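Novice: Below you will find the structure I want to go over with you.
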Amino acid sequence: MAAPSAIGAFRAVLGRELRLALRHPADTLAAVLFFVLVCALFPFGVGPAPEALARLAPGALLAAALLAALLPLDRLFGADAEDGSLDQLLLSGLPPAGIAAAKALGHWLTTGLPLLVATPVAAALLNLPMAAWGAALAALGLATAILSLLGTAGAALTLGARRGGVLLPLLVLPLAIPAVIFGAAAIEAAAADLSPTPFLLLLGAGLSLAVPLAPLAAGAALRAE
């Protein structure tokens, strides 16, 4: 009976995250607008030459998406800690690692997924060839999932710290550098009519490592609070 109970508690925490996001969509909207606006600013910074934009597009897409996904992370546990909801979640019967996993999945569904929806607009602004849009969606999907997991661990570790909102990007972004490298390489390969599969597999390998390890780290930090 323990496994069904844990699954039910996981679903309850995830459902709560989705309901909160629907009631307060400002975080999601801010992340999407930030992503699109950053990509829209690149032509002004490097000039309107299509070749230059297309060359910068892979890295710009990954960097803008990951920075946008960071915006809601400092409130991931902070809001619950302020109103006492976090204590109730820790008493729900779901292990702290399970709570962190539900939070990470909720963050990806409410932030990473909307960023994927906006990716074609951002790709068009950066003059990325349409042949590479599929690879861009796959790379961004994997990279944002990795960031959601790493960000959840970082948010738990910086919970209660002074200037935690400043510490969080400094902690998470260096760990996300491999996702940027492999994601940009996958998009570049697709734009050059090469197979992006090797780089996407490397992103998948990084995600497979983050799935078990990041919730455990976040859970240990929550237990220590």
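Here, A, B, ... name the chains of the structure tokens in the order displayed, residue numbers run from 1 inside each chain, and ligands are numbered from 1 in the same displayed order.
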Hey, what does DSSP flag as alpha helix (DSSP H) within range 8-207 of chain A? Can you give it to me as a ChimeraX atom specification?
Specialist: /A:8-23,26-46,50-70,78-83,85-90,96-107,113-125,133-157,164-191,197-207
Novice: Set out as a tab-separated table a contact list for range 102-177 of chain A and range 15-23 of chain A with a cut-off of 10 Å, giving each residue of range 102-177 of chain A that qualifies its closest atom pair and distance in Å to one decimal, counting only C-alpha atoms, ordered by chain and rising residue number.
Specialist:
```
residue	atom	partner	partner_atom	distance
A:Ala102	CA	A:Glu17	CA	8.2
A:Lys103	CA	A:Glu17	CA	7.0
A:Ala104	CA	A:Glu17	CA	9.8
A:Leu105	CA	A:Glu17	CA	9.1
A:Gly106	CA	A:Glu17	CA	5.7
A:His107	CA	A:Glu17	CA	8.0
A:Leu109	CA	A:Leu18	CA	8.0
A:Thr110	CA	A:Ala21	CA	6.7
A:Thr111	CA	A:Ala21	CA	9.4
```
Novice: Which residues, written as a VMD selection string, have at least one atom at most 9 Å from Ala139 in chain A, with only C-alpha atoms counted and residues fewer than 6 positions away on the same chain left out?
Specialist: chain A and resid 62 179 to 180 182 to 184 186 to 187 199 to 200 203
Novice: List as a list in words the protein and nucleic acid residues near Phe77 in chain A, meaning an atom at most 10 Å away when only C-alpha atoms are counted, but skip any in the same chain fewer than 6 places from it.
Specialist: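 The contact residues come out as Ser85, Leu86, Ala100, Lys103, Thr152, Ala155, Ala156, Thr158, Leu159, Gly160 and Leu222 of chain A.
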Novice: Write a file of the just-selected residues containing all heavy atoms, as a tab-separated table (two decimals), in the first residue's frame.
Specialist:
```tsv
chain	number	residue	atom	x	y	z
A	85	SER	N	3.28	26.31	3.99
A	85	SER	CA	2.85	25.16	3.18
A	85	SER	C	3.94	24.10	3.08
A	85	SER	O	3.64	22.91	2.97
A	85	SER	CB	2.46	25.63	1.78
A	85	SER	OG	1.39	26.54	1.83
A	86	LEU	N	5.20	24.54	3.11
A	86	LEU	CA	6.29	23.57	2.98
A	86	LEU	C	6.28	22.58	4.13
A	86	LEU	O	6.52	21.38	3.93
A	86	LEU	CB	7.63	24.31	2.90
A	86	LEU	CG	8.86	23.44	2.67
A	86	LEU	CD1	8.73	22.64	1.37
A	86	LEU	CD2	10.12	24.28	2.63
A	100	ALA	N	10.49	17.20	-4.07
A	100	ALA	CA	11.37	17.93	-4.99
A	100	ALA	C	11.14	17.49	-6.43
A	100	ALA	O	11.12	18.32	-7.35
A	100	ALA	CB	12.84	17.72	-4.59
A	103	LYS	N	7.99	19.06	-7.66
A	103	LYS	CA	8.22	20.48	-7.91
A	103	LYS	C	8.97	20.68	-9.23
A	103	LYS	O	8.66	21.60	-10.00
A	103	LYS	CB	9.03	21.08	-6.76
A	103	LYS	CG	8.28	21.23	-5.45
A	103	LYS	CD	7.56	22.56	-5.42
A	103	LYS	CE	7.04	22.89	-4.04
A	103	LYS	NZ	6.36	24.21	-4.01
A	152	THR	N	15.73	23.02	-9.11
A	152	THR	CA	15.02	22.58	-7.91
A	152	THR	C	16.00	22.27	-6.79
A	152	THR	O	15.78	22.66	-5.63
A	152	THR	CB	14.16	21.34	-8.22
A	152	THR	OG1	13.21	21.68	-9.24
A	152	THR	CG2	13.43	20.86	-6.99
A	155	ALA	N	17.36	25.61	-5.62
A	155	ALA	CA	16.38	26.36	-4.83
A	155	ALA	C	16.26	25.79	-3.42
A	155	ALA	O	16.09	26.55	-2.45
A	155	ALA	CB	15.02	26.32	-5.53
A	156	ALA	N	16.35	24.47	-3.29
A	156	ALA	CA	16.29	23.86	-1.96
A	156	ALA	C	17.54	24.19	-1.16
A	156	ALA	O	17.47	24.45	0.05
A	156	ALA	CB	16.12	22.35	-2.08
A	158	THR	N	19.46	26.82	-1.41
A	158	THR	CA	19.55	28.24	-1.05
A	158	THR	C	18.33	28.72	-0.26
A	158	THR	O	18.24	29.90	0.05
A	158	THR	CB	19.69	29.11	-2.32
A	158	THR	OG1	18.57	28.86	-3.19
A	158	THR	CG2	20.98	28.79	-3.05
A	159	LEU	N	17.42	27.81	0.07
A	159	LEU	CA	16.22	28.19	0.82
A	159	LEU	C	16.61	28.74	2.19
A	159	LEU	O	17.35	28.11	2.95
A	159	LEU	CB	15.31	26.97	0.99
A	159	LEU	CG	14.00	27.20	1.74
A	159	LEU	CD1	13.11	28.17	0.98
A	159	LEU	CD2	13.27	25.86	1.93
A	160	GLY	N	16.14	29.91	2.49
A	160	GLY	CA	16.45	30.53	3.78
A	160	GLY	C	17.75	31.30	3.80
A	160	GLY	O	18.03	31.98	4.79
A	222	LEU	N	16.06	19.94	1.97
A	222	LEU	CA	14.77	20.24	2.62
A	222	LEU	C	14.70	19.59	4.00
A	222	LEU	O	14.16	20.16	4.95
A	222	LEU	CB	13.62	19.73	1.76
A	222	LEU	CG	13.38	20.46	0.44
A	222	LEU	CD1	12.28	19.79	-0.35
A	222	LEU	CD2	13.03	21.92	0.69
```
Novice: Under the rule that only C-alpha atoms are counted, which of A:Ala176, A:Val117, A:Leu167, A:Ala122 is the nearest residue to Ala64 in chain A?
Specialist: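 For Ala64 in chain A, the nearest of the given residues is A:Ala122.
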Novice: Using only C-alpha atoms, pick whichever of A:Leu71, A:Ala101, A:Leu140, A:Val172 has the shortest atom-to-atom distance to Ala218 in chain A.
Specialist: A:Ala101
Novice: Can you tell me, as a PyMOL selection string, what residues are no more than 12 Å from Leu89 in chain A when counting only C-alpha atoms, ignoring any on the same chain fewer than 5 positions away?
Specialist: chain A and resi 9-10+12-14+16-17+77+80-81+83-84+94-100+102-103+219+222-223
Novice: Set the distance at 12 Å and use only C-alpha atoms: which residues neighbour range 207-209 of chain A once local chain neighbours fewer than 5 positions away are removed? I'd like the list as a PDB file with C-alpha atoms, in the first residue's frame.
Specialist:
```pdb
ATOM      1  CA  ALA A 139      17.376  20.184 -27.503  1.00  0.00           C
ATOM      2  CA  GLY A 141      13.055  20.235 -24.195  1.00  0.00           C
ATOM      3  CA  LEU A 142      15.921  18.182 -22.780  1.00  0.00           C
ATOM      4  CA  ALA A 143      17.961  21.200 -21.651  1.00  0.00           C
ATOM      5  CA  THR A 144      15.050  22.871 -19.841  1.00  0.00           C
ATOM      6  CA  ALA A 145      14.217  19.571 -18.130  1.00  0.00           C
ATOM      7  CA  ILE A 146      17.800  19.358 -16.885  1.00  0.00           C
ATOM      8  CA  LEU A 147      17.622  22.951 -15.667  1.00  0.00           C
ATOM      9  CA  SER A 148      14.330  22.309 -13.865  1.00  0.00           C
ATOM     10  CA  LEU A 149      15.958  19.467 -11.941  1.00  0.00           C
ATOM     11  CA  LEU A 150      19.177  21.356 -11.214  1.00  0.00           C
ATOM     12  CA  ALA A 176      23.950  23.827 -16.863  1.00  0.00           C
ATOM     13  CA  PRO A 178      27.102  21.102 -20.626  1.00  0.00           C
ATOM     14  CA  ALA A 179      23.397  21.304 -21.547  1.00  0.00           C
ATOM     15  CA  LEU A 200      20.719  14.805 -28.174  1.00  0.00           C
ATOM     16  CA  LEU A 201      21.792  11.456 -26.730  1.00  0.00           C
ATOM     17  CA  LEU A 202      24.372  13.259 -24.599  1.00  0.00           C
ATOM     18  CA  ALA A 214      18.861  16.272  -8.230  1.00  0.00           C
ATOM     19  CA  PRO A 215      15.708  15.317  -6.238  1.00  0.00           C
ATOM     20  CA  LEU A 216      17.862  13.431  -3.731  1.00  0.00           C
TER      21      LEU A 216
END
```
Novice: Nearest to Ala221 in chain A among A:Pro174, A:Gly59, A:Gly154, A:Pro43, with distances taken over only C-alpha atoms: which residue is it?
Specialist: A:Gly154
